[in-house]
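Source file my_file.csv; content: CSV, C-alpha atoms.
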chain,number,residue,atom,x,y,z
L,1201,MET,CA,-11.4,-49.1,-16.7
L,1202,ARG,CA,-14.8,-47.8,-17.9
L,1203,ARG,CA,-16.4,-48.5,-14.5
L,1204,ARG,CA,-13.5,-46.7,-12.6
L,1205,PHE,CA,-13.7,-43.7,-14.9
L,1206,THR,CA,-17.5,-43.5,-14.4
L,1207,PHE,CA,-17.1,-43.7,-10.6
L,1208,PHE,CA,-14.5,-40.9,-10.4
L,1209,THR,CA,-16.4,-38.8,-12.9
L,1210,MET,CA,-19.6,-39.1,-10.7
L,1211,LEU,CA,-17.6,-38.4,-7.6
L,1212,GLY,CA,-16.1,-35.2,-9.1
L,1213,LEU,CA,-19.6,-34.0,-10.1
L,1214,MET,CA,-20.9,-34.6,-6.6
L,1215,LEU,CA,-18.0,-32.7,-5.0
L,1216,ALA,CA,-18.6,-29.9,-7.4
L,1217,VAL,CA,-22.2,-29.7,-6.1
L,1218,ILE,CA,-21.5,-29.9,-2.4
L,1219,VAL,CA,-18.2,-27.8,-2.2
L,1220,PRO,CA,-19.0,-24.1,-1.9
L,1221,ALA,CA,-18.1,-22.3,-5.2
L,1222,PHE,CA,-16.9,-19.1,-3.5
L,1223,ALA,CA,-14.0,-18.5,-6.0
L,1224,SER,CA,-16.2,-18.8,-9.1
L,1225,ALA,CA,-17.5,-15.2,-9.1
L,1226,ALA,CA,-14.9,-12.5,-8.6
L,1227,PRO,CA,-16.1,-9.1,-7.3
L,1228,THR,CA,-17.1,-6.4,-9.8
L,1229,VAL,CA,-15.2,-3.1,-9.8
L,1230,LYS,CA,-16.2,0.3,-11.3
L,1231,PHE,CA,-13.1,2.5,-11.7
L,1232,LYS,CA,-12.2,5.9,-13.1
L,1233,ALA,CA,-9.2,8.2,-12.8
L,1234,ARG,CA,-8.5,11.7,-14.1
L,1235,ALA,CA,-5.8,14.3,-14.0
L,1236,VAL,CA,-6.6,17.2,-11.7
L,1237,PRO,CA,-4.7,20.3,-10.4
L,1238,ILE,CA,-2.2,19.6,-7.6
L,1239,PRO,CA,-3.6,20.6,-4.2
L,1240,LYS,CA,-1.7,23.1,-2.0
L,1241,PRO,CA,-1.1,22.1,1.6
L,1242,GLY,CA,-3.0,25.1,3.0
L,1243,GLY,CA,-5.9,24.9,0.5
L,1244,GLY,CA,-6.4,25.7,-3.2
L,1245,THR,CA,-4.4,24.4,-6.1
L,1246,TYR,CA,-1.2,25.2,-7.9
L,1247,ALA,CA,-1.6,27.2,-11.1
L,1248,HIS,CA,-0.8,25.5,-14.5
L,1249,THR,CA,-1.1,22.0,-13.1
L,1250,GLY,CA,-3.7,19.4,-13.8
L,1251,ASN,CA,-5.0,18.0,-17.1
L,1252,ILE,CA,-2.3,19.8,-19.2
L,1253,LEU,CA,0.1,17.9,-21.5
L,1254,GLY,CA,3.5,17.7,-20.0
L,1255,ALA,CA,2.5,19.5,-16.8
L,1256,GLY,CA,2.5,18.6,-13.2
L,1257,THR,CA,-0.6,16.8,-12.1
L,1258,ALA,CA,-2.4,15.0,-9.3
L,1259,LEU,CA,-4.5,11.9,-10.0
L,1260,GLN,CA,-8.0,11.6,-8.7
L,1261,ALA,CA,-9.0,7.9,-8.5
L,1262,GLU,CA,-12.3,6.4,-7.5
L,1263,PHE,CA,-13.2,2.7,-7.0
L,1264,THR,CA,-16.5,1.0,-6.3
L,1265,ILE,CA,-16.5,-2.7,-5.4
L,1266,ALA,CA,-19.5,-5.0,-5.3
L,1267,GLY,CA,-19.6,-8.7,-4.3
L,1268,SER,CA,-21.1,-11.3,-2.0
L,1269,GLY,CA,-20.5,-14.6,-0.4
L,1270,TYR,CA,-17.8,-13.6,2.1
L,1271,GLY,CA,-18.6,-14.1,5.8
L,1272,ALA,CA,-22.0,-15.6,5.0
L,1273,THR,CA,-24.0,-16.9,8.0
L,1274,SER,CA,-27.5,-18.3,8.5
L,1275,GLN,CA,-28.6,-14.8,9.7
L,1276,ASN,CA,-26.8,-13.2,6.7
L,1277,PRO,CA,-26.7,-15.8,3.9
L,1278,ALA,CA,-25.7,-13.3,1.2
L,1279,GLY,CA,-22.4,-12.4,3.0
L,1280,GLY,CA,-20.4,-9.5,1.7
L,1281,VAL,CA,-17.4,-8.4,-0.4
L,1282,PRO,CA,-14.3,-10.5,0.1
L,1283,PRO,CA,-11.3,-8.7,1.6
L,1284,LEU,CA,-9.0,-6.7,-0.6
L,1285,SER,CA,-5.3,-7.9,-0.6
L,1286,GLY,CA,-3.7,-5.8,-3.3
L,1287,VAL,CA,-4.2,-3.1,-5.9
L,1288,ASN,CA,-2.0,-2.7,-9.0
L,1289,PHE,CA,-2.4,0.6,-10.8
L,1290,PHE,CA,-1.0,1.2,-14.3
L,1291,LEU,CA,-0.2,4.7,-15.5
L,1292,PRO,CA,-0.2,5.6,-19.2
L,1293,ALA,CA,3.1,5.4,-21.0
L,1294,GLY,CA,5.0,8.8,-20.8
L,1295,ALA,CA,3.6,9.7,-17.3
L,1296,LYS,CA,6.5,10.5,-15.0
L,1297,ILE,CA,7.0,10.2,-11.2
L,1298,ASN,CA,9.6,12.3,-9.4
L,1299,SER,CA,10.1,11.8,-5.7
L,1300,SER,CA,13.3,13.9,-5.5
L,1301,GLY,CA,13.1,16.8,-3.1
L,1302,PHE,CA,10.2,15.4,-1.2
L,1303,GLY,CA,10.4,14.0,2.4
L,1304,THR,CA,9.7,10.4,3.3
L,1305,CYS,CA,7.9,8.7,6.2
L,1306,ALA,CA,8.7,5.3,7.5
L,1307,GLU,CA,6.0,2.6,7.7
L,1308,ALA,CA,6.9,2.0,11.3
L,1309,THR,CA,6.3,5.7,12.1
L,1310,LEU,CA,2.8,5.6,10.6
L,1311,LYS,CA,2.0,2.4,12.4
L,1312,ASN,CA,3.2,3.7,15.8
L,1313,THR,CA,2.3,7.4,15.8
L,1314,GLY,CA,0.1,7.9,12.8
L,1315,PRO,CA,0.4,10.8,10.4
L,1316,SER,CA,1.4,13.2,13.2
L,1317,GLY,CA,4.9,11.5,13.2
L,1318,CYS,CA,5.5,12.4,9.5
L,1319,LYS,CA,7.1,15.5,8.1
L,1320,LYS,CA,4.8,17.8,6.2
L,1321,ASN,CA,6.9,17.4,3.0
L,1322,ALA,CA,6.2,13.7,3.1
L,1323,ILE,CA,2.4,14.1,2.6
L,1324,ALA,CA,1.5,12.8,-0.9
L,1325,SER,CA,-2.2,13.5,-0.8
L,1326,PRO,CA,-5.0,15.3,1.1
L,1327,LYS,CA,-7.2,13.1,3.1
L,1328,GLY,CA,-9.4,10.9,0.9
L,1329,SER,CA,-12.1,8.4,2.0
L,1330,ALA,CA,-12.9,4.7,2.0
L,1331,LEU,CA,-16.0,2.8,2.8
L,1332,GLY,CA,-15.4,-0.6,4.4
L,1333,GLU,CA,-17.5,-3.5,5.5
L,1334,VAL,CA,-17.0,-5.2,8.9
L,1335,THR,CA,-18.7,-7.9,10.9
L,1336,PHE,CA,-20.6,-6.5,13.9
L,1337,GLY,CA,-22.7,-9.1,15.7
L,1338,THR,CA,-24.2,-11.3,13.0
L,1339,GLU,CA,-24.3,-8.6,10.3
L,1340,ARG,CA,-21.8,-7.1,7.8
L,1341,VAL,CA,-22.1,-3.4,8.4
L,1342,PRO,CA,-20.5,-0.3,6.8
L,1343,GLU,CA,-17.3,1.3,8.2
L,1344,GLU,CA,-16.3,4.8,7.1
L,1345,ALA,CA,-12.6,5.5,7.1
L,1346,SER,CA,-10.1,8.2,6.0
L,1347,LEU,CA,-7.3,7.5,3.6
L,1348,GLN,CA,-4.1,9.4,3.0
L,1349,ALA,CA,-1.0,8.9,1.0
L,1350,PHE,CA,2.6,9.5,2.2
L,1351,PHE,CA,5.9,9.3,0.4
L,1352,GLY,CA,7.8,6.2,1.6
L,1353,PRO,CA,11.3,4.8,1.2
L,1354,ASN,CA,12.6,3.7,-2.2
L,1355,LYS,CA,10.3,6.1,-4.2
L,1356,GLY,CA,7.2,4.2,-2.9
L,1357,LEU,CA,3.9,5.3,-1.4
L,1358,LEU,CA,2.4,4.5,2.0
L,1359,PHE,CA,-1.4,4.6,2.5
L,1360,PHE,CA,-2.7,5.2,6.0
L,1361,VAL,CA,-6.3,4.1,6.7
L,1362,ASN,CA,-8.1,5.1,9.8
L,1363,GLY,CA,-11.6,4.1,10.9
L,1364,SER,CA,-13.4,4.5,14.2
L,1365,SER,CA,-17.0,3.2,14.0
L,1366,PRO,CA,-18.4,0.7,14.5
L,1367,VAL,CA,-15.0,-0.7,15.2
L,1368,SER,CA,-11.6,0.9,15.6
L,1369,LEU,CA,-9.1,0.1,12.9
L,1370,GLU,CA,-5.8,1.5,11.6
L,1371,PHE,CA,-3.5,0.0,9.0
L,1372,VAL,CA,-0.9,0.9,6.4
L,1373,SER,CA,-0.7,-0.3,2.8
L,1374,GLY,CA,2.6,-0.1,1.0
L,1375,GLY,CA,3.1,0.6,-2.7
L,1376,THR,CA,6.1,0.4,-5.0
L,1377,TYR,CA,6.6,1.4,-8.6
L,1378,VAL,CA,7.8,-1.0,-11.3
L,1379,ASN,CA,8.0,-0.8,-15.1
L,1380,SER,CA,4.8,-2.6,-16.2
L,1381,GLY,CA,6.2,-3.9,-19.5
L,1382,GLN,CA,2.6,-3.7,-20.8
L,1383,PRO,CA,2.1,-1.1,-23.5
L,1384,PRO,CA,0.2,1.3,-23.7
L,1385,TYR,CA,1.0,1.5,-20.0
L,1386,GLY,CA,4.2,2.7,-18.4
L,1387,LEU,CA,4.8,2.6,-14.7
L,1388,GLU,CA,2.8,0.3,-12.4
L,1389,LEU,CA,2.2,1.0,-8.7
L,1390,LYS,CA,1.9,-2.3,-6.9
L,1391,THR,CA,0.2,-1.9,-3.5
L,1392,THR,CA,-0.4,-4.6,-0.9
L,1393,VAL,CA,-3.1,-4.6,1.7
L,1394,PRO,CA,-2.9,-6.4,5.1
L,1395,ALA,CA,-5.6,-8.7,6.4
L,1396,ILE,CA,-7.6,-6.6,8.8
L,1397,ALA,CA,-9.1,-8.5,11.8
L,1398,THR,CA,-11.8,-6.7,13.7
L,1399,VAL,CA,-13.4,-9.0,16.3
L,1400,PRO,CA,-11.5,-12.3,17.1
L,1401,GLY,CA,-12.8,-15.1,15.0
L,1402,ALA,CA,-14.9,-12.9,12.8
L,1403,PRO,CA,-14.5,-12.4,9.0
L,1404,LEU,CA,-11.9,-9.8,8.0
L,1405,ALA,CA,-12.7,-6.2,7.0
L,1406,SER,CA,-13.5,-5.6,3.4
L,1407,THR,CA,-13.4,-2.5,1.1
L,1408,LYS,CA,-16.4,-1.2,-0.9
L,1409,THR,CA,-15.2,2.2,-2.1
L,1410,ILE,CA,-12.0,4.2,-2.4
L,1411,ASN,CA,-11.7,7.9,-3.3
L,1412,ILE,CA,-8.3,9.5,-3.2
L,1413,LYS,CA,-6.4,12.4,-4.9
L,1414,VAL,CA,-2.6,11.6,-5.0
L,1415,GLY,CA,-0.2,14.4,-6.0
L,1416,ALA,CA,2.0,17.0,-4.4
L,1417,ALA,CA,4.4,19.7,-5.4
L,1418,ILE,CA,7.1,21.8,-3.8
L,1419,LYS,CA,8.5,25.2,-4.8
L,1420,LYS,CA,12.3,25.9,-5.1
L,1421,GLY,CA,12.6,29.5,-5.8
L,1422,LYS,CA,10.2,30.2,-8.7
L,1423,LYS,CA,10.4,26.6,-9.9
L,1424,LEU,CA,7.5,24.2,-9.1
L,1425,ILE,CA,8.6,20.6,-8.7
L,1426,SER,CA,5.8,18.1,-9.2
L,1427,TYR,CA,5.6,14.5,-8.0
L,1428,GLY,CA,3.6,13.5,-11.0
L,1429,THR,CA,3.8,14.7,-14.6
L,1430,LEU,CA,1.4,14.0,-17.5
L,1431,PRO,CA,2.7,12.6,-20.8
L,1432,THR,CA,3.4,15.2,-23.6
L,1433,LYS,CA,1.0,13.4,-26.0
L,1434,CYS,CA,-2.5,12.0,-25.4
L,1435,PRO,CA,-3.6,9.0,-27.5
L,1436,LYS,CA,-7.0,9.2,-29.4
L,1437,GLY,CA,-9.7,8.4,-26.9
L,1438,GLY,CA,-7.8,9.4,-23.8
L,1439,PHE,CA,-5.0,8.4,-21.5
L,1440,PRO,CA,-5.1,4.6,-20.9
L,1441,VAL,CA,-5.1,3.5,-17.3
L,1442,LYS,CA,-5.7,0.1,-15.7
L,1443,THR,CA,-6.3,-1.4,-12.3
L,1444,GLU,CA,-6.0,-4.9,-11.0
L,1445,MET,CA,-7.8,-5.5,-7.7
L,1446,ILE,CA,-6.8,-8.7,-5.9
L,1447,PHE,CA,-9.1,-10.2,-3.3
L,1448,GLY,CA,-8.1,-12.9,-0.7
L,1449,GLY,CA,-5.1,-15.2,-1.1
L,1450,SER,CA,-2.7,-17.1,1.2
L,1451,TYR,CA,0.5,-15.1,1.7
L,1452,GLY,CA,1.2,-15.9,5.4
L,1453,GLY,CA,1.6,-13.5,8.4
L,1454,GLU,CA,-0.5,-10.4,8.2
L,1455,ARG,CA,-1.3,-11.3,4.6
L,1456,GLU,CA,-3.2,-14.5,5.3
L,1457,PHE,CA,-6.8,-14.1,4.1
L,1458,GLY,CA,-8.0,-17.7,4.3
L,1459,ILE,CA,-9.8,-17.7,0.9
L,1460,PRO,CA,-8.5,-18.3,-2.6
L,1461,ALA,CA,-7.1,-15.3,-4.5
L,1462,GLU,CA,-9.3,-13.7,-7.2
L,1463,THR,CA,-8.3,-10.8,-9.5
L,1464,THR,CA,-10.6,-8.3,-11.2
L,1465,THR,CA,-9.1,-6.2,-13.9
L,1466,VAL,CA,-10.7,-2.9,-15.2
L,1467,THR,CA,-9.4,-0.5,-17.8
L,1468,TYR,CA,-10.4,3.2,-18.3
L,1469,LYS,CA,-9.5,6.1,-20.5
L,1470,SER,CA,-9.0,9.4,-18.7
L,1471,PRO,CA,-10.0,12.4,-20.9
L,1472,CYS,CA,-7.4,14.2,-22.9
L,1473,PRO,CA,-6.7,17.8,-22.0
L,1474,PRO,CA,-9.1,20.3,-23.7
L,1475,LYS,CA,-7.6,22.2,-26.7
L,1476,GLY,CA,-5.7,25.3,-25.5
L,1477,ALA,CA,-5.2,24.0,-21.9
L,1478,HIS,CA,-2.1,25.5,-20.4

Now that the file is in, can you turn its structure into structure tokens?
Amino acid sequence: MRRRFTFFTMLGLMLAVIVPAFASAAPTVKFKARAVPIPKPGGGTYAHTGNILGAGTALQAEFTIAGSGYGATSQNPAGGVPPLSGVNFFLPAGAKINSSGFGTCAEATLKNTGPSGCKKNAIASPKGSALGEVTFGTERVPEEASLQAFFGPNKGLLFFVNGSSPVSLEFVSGGTYVNSGQPPYGLELKTTVPAIATVPGAPLASTKTINIKVGAAIKKGKKLISYGTLPTKCPKGGFPVKTEMIFGGSYGGEREFGIPAETTTVTYKSPCPPKGAH
């Protein structure tokens, strides 16, 4: 029994050495979010919105992702960031979402015709930006893309991503709201990202940065109806927000990434409104 135990122990140690340890180091994420005035469709912003307690607001979110090991080759041994498969975003308790009165756009419409097929009142954000990483030849190279949010069915959001150089890519990510059940957070937006192939047989596209401002409003008479509303109280230190960024995973279909899933969690406190803000 002692000999058998020693043999299998040594075998396990050998396998630990020779099997790549890709899943041992999750990517690092820098993240911040803040309440900002709601942008108007034609430019400018709506008055009395933004970082004001109980007021309508838009959310400016920025993500910076760093990592290595994915798609490594002899010519590029460091590889790059593993592909993003999901983003869970936690709003502070007391923040409200109201989709009533806004239009919606179907995922199939965005996939088939792009944003031009959606009604104007279904636009949930101005165009934001994303920096991706794709394999081109033997290298992982940057891919700049635009990113825009639309109101989808069932009070959800759809994110349309469009990049053109060095490869052409278009895809839609869908997000749905749930109650997080994790105080001090309230609603949670769970967004899935498809696996994006560029060149057949090459590693999938990855994401390095995201910058987007989600928020919209419509006027009914003199009343402004906002999609998002800040809580009426701000805890000491700021509004708590959190993100969970999921990389890789085996989900099947267009969600098959071919690498083990890893999750990086980051918290942030968005500044409280200044005194006298209104």

Report as a Markdown table: every residue of region 1322-1390 of chain L with an atom at most 9 Å from region 1276-1300 of chain L, its closest pair of atoms, and their distance in Å to one decimal, counting all atoms listed in the file, with rows sorted by chain and ascending residue number.
| residue | atom | partner | partner_atom | distance |
| --- | --- | --- | --- | --- |
| L:Glu1333 | CA | L:Val1281 | CA | 7.7 |
| L:Thr1338 | CA | L:Asn1276 | CA | 7.1 |
| L:Glu1339 | CA | L:Asn1276 | CA | 6.4 |
| L:Arg1340 | CA | L:Gly1280 | CA | 6.7 |
| L:Phe1351 | CA | L:Ser1299 | CA | 7.8 |
| L:Lys1355 | CA | L:Ser1299 | CA | 5.9 |
| L:Gly1356 | CA | L:Ser1299 | CA | 8.6 |
| L:Ser1373 | CA | L:Gly1286 | CA | 8.7 |
| L:Gly1375 | CA | L:Asn1288 | CA | 8.8 |
| L:Ser1380 | CA | L:Phe1290 | CA | 7.2 |
| L:Gln1382 | CA | L:Phe1290 | CA | 8.9 |
| L:Pro1383 | CA | L:Ala1293 | CA | 7.0 |
| L:Pro1384 | CA | L:Ala1293 | CA | 5.7 |
| L:Tyr1385 | CA | L:Pro1292 | CA | 4.3 |
| L:Gly1386 | CA | L:Ala1293 | CA | 3.9 |
| L:Leu1387 | CA | L:Leu1291 | CA | 5.5 |
| L:Glu1388 | CA | L:Phe1290 | CA | 4.3 |
| L:Leu1389 | CA | L:Phe1289 | CA | 5.1 |
| L:Lys1390 | CA | L:Asn1288 | CA | 4.4 |

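When all atoms listed in the file are used to compute distances to Pro1227 (chain L), the closest of the residues L:Lys1436, L:Lys1408, L:Lys1311, L:Lys1320 turns out to be L:Lys1408.
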
Legend entry - Length of the CA of Thr1464 (chain L) to CA of Leu1404 (chain L) vector [Å]: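 Taking CA of Thr1464 (chain L) and CA of Leu1404 (chain L), their separation equals 19.3 Å.
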
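Take CA of Ala1306 (chain L) and CA of Gly1250 (chain L): the distance between them is 28.4 Å.
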
Applying 8 Å and all atoms listed in the file, which residues near Lys1240 (chain L) remain after dropping the ones on its own chain fewer than 4 positions away? List them as a short mmCIF file (atom, residue, chain, number, x, y, z; two decimals) with C-alpha atoms, in the coordinates of the input.
data_model
loop_
_atom_site.label_atom_id
_atom_site.label_comp_id
_atom_site.auth_asym_id
_atom_site.auth_seq_id
_atom_site.Cartn_x
_atom_site.Cartn_y
_atom_site.Cartn_z
CA GLY L 1244 -6.40 25.70 -3.20
CA THR L 1245 -4.40 24.40 -6.10
CA TYR L 1246 -1.20 25.20 -7.90
CA ALA L 1416 2.00 17.00 -4.40
CA ALA L 1417 4.40 19.70 -5.40
#

Inset, instruction - Go through L:Leu1430, L:Val1466, L:Ala1349, L:Val1334 and flag the residue nearest Ala1405 (chain L), using only C-alpha atoms for the distances. - result: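 That would be L:Val1334, the residue with the smallest distance to Ala1405 (chain L).
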
Legend entry - Among listed residues L:Gly1243, L:Pro1326, L:Gly1256, L:Gly1269, nearest Asn1411 (chain L) (using all atoms listed in the file): L:Pro1326

Inset, instruction - Would you list the contacts of Ala1324 (chain L) as a PyMOL selection string, taking every protein, DNA or RNA residue within 12 Å and counting all atoms listed in the file, but skipping same-chain residues closer than 2 positions in sequence? - result: chain L and resi 1238-1241+1258-1259+1297-1299+1302-1305+1315+1318-1322+1326-1328+1347-1352+1355-1360+1412-1418+1426-1428

Prev. selection, C-alpha atoms, output as a short mmCIF file (atom, residue, chain, number, x, y, z; two decimals), keeping the file's coordinate frame:
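Result saved to selection.cif:
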data_model
loop_
_atom_site.label_atom_id
_atom_site.label_comp_id
_atom_site.auth_asym_id
_atom_site.auth_seq_id
_atom_site.Cartn_x
_atom_site.Cartn_y
_atom_site.Cartn_z
CA ILE L 1238 -2.20 19.60 -7.60
CA PRO L 1239 -3.60 20.60 -4.20
CA LYS L 1240 -1.70 23.10 -2.00
CA PRO L 1241 -1.10 22.10 1.60
CA ALA L 1258 -2.40 15.00 -9.30
CA LEU L 1259 -4.50 11.90 -10.00
CA ILE L 1297 7.00 10.20 -11.20
CA ASN L 1298 9.60 12.30 -9.40
CA SER L 1299 10.10 11.80 -5.70
CA PHE L 1302 10.20 15.40 -1.20
CA GLY L 1303 10.40 14.00 2.40
CA THR L 1304 9.70 10.40 3.30
CA CYS L 1305 7.90 8.70 6.20
CA PRO L 1315 0.40 10.80 10.40
CA CYS L 1318 5.50 12.40 9.50
CA LYS L 1319 7.10 15.50 8.10
CA LYS L 1320 4.80 17.80 6.20
CA ASN L 1321 6.90 17.40 3.00
CA ALA L 1322 6.20 13.70 3.10
CA PRO L 1326 -5.00 15.30 1.10
CA LYS L 1327 -7.20 13.10 3.10
CA GLY L 1328 -9.40 10.90 0.90
CA LEU L 1347 -7.30 7.50 3.60
CA GLN L 1348 -4.10 9.40 3.00
CA ALA L 1349 -1.00 8.90 1.00
CA PHE L 1350 2.60 9.50 2.20
CA PHE L 1351 5.90 9.30 0.40
CA GLY L 1352 7.80 6.20 1.60
CA LYS L 1355 10.30 6.10 -4.20
CA GLY L 1356 7.20 4.20 -2.90
CA LEU L 1357 3.90 5.30 -1.40
CA LEU L 1358 2.40 4.50 2.00
CA PHE L 1359 -1.40 4.60 2.50
CA PHE L 1360 -2.70 5.20 6.00
CA ILE L 1412 -8.30 9.50 -3.20
CA LYS L 1413 -6.40 12.40 -4.90
CA VAL L 1414 -2.60 11.60 -5.00
CA GLY L 1415 -0.20 14.40 -6.00
CA ALA L 1416 2.00 17.00 -4.40
CA ALA L 1417 4.40 19.70 -5.40
CA ILE L 1418 7.10 21.80 -3.80
CA SER L 1426 5.80 18.10 -9.20
CA TYR L 1427 5.60 14.50 -8.00
CA GLY L 1428 3.60 13.50 -11.00
#

Inset, instruction - Mind giving me the straight-line distance from CA of Gly1314 (chain L) to CA of Glu1370 (chain L) in Å, one decimal? - result: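 Result for CA of Gly1314 (chain L) versus CA of Glu1370 (chain L): 8.8 Å, one decimal.
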
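Using all atoms listed in the file for every distance, the candidate list L:Asn1251, L:Ser1316, L:Thr1309, L:Ser1346 yields L:Ser1346 as the residue closest to Ile1410 (chain L).
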
Legend entry - Which of L:Pro1471, L:Gly1242, L:Pro1237, L:Gly1453 sits closest to Ile1396 (chain L) [using only C-alpha atoms]: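 Once distances to Ile1396 (chain L) are computed over only C-alpha atoms, the minimum belongs to L:Gly1453.
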
Inset, instruction - Quick one: everything within 6 Å of Phe1263 (chain L), counting only C-alpha atoms, minus sequence neighbours fewer than 6 positions away in the same chain. Send it as a ChimeraX atom specification. - result: /L:1230-1231,1409-1410

Inset, instruction - Have a look at L:Ile1459, L:Val1361, L:Val1378, L:Leu1424 and name the one nearest to Thr1257 (chain L); count only C-alpha atoms. - result: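 So, comparing all the options, the nearest one is L:Leu1424.
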
Inset, instruction - Write out as JSON, numbers by chain which residues come within 8 Å of Glu1462 (chain L) when counting all atoms listed in the file, dropping same-chain ones fewer than 5 positions away. - result: {"L": [1223, 1226, 1446, 1447, 1448, 1449]}
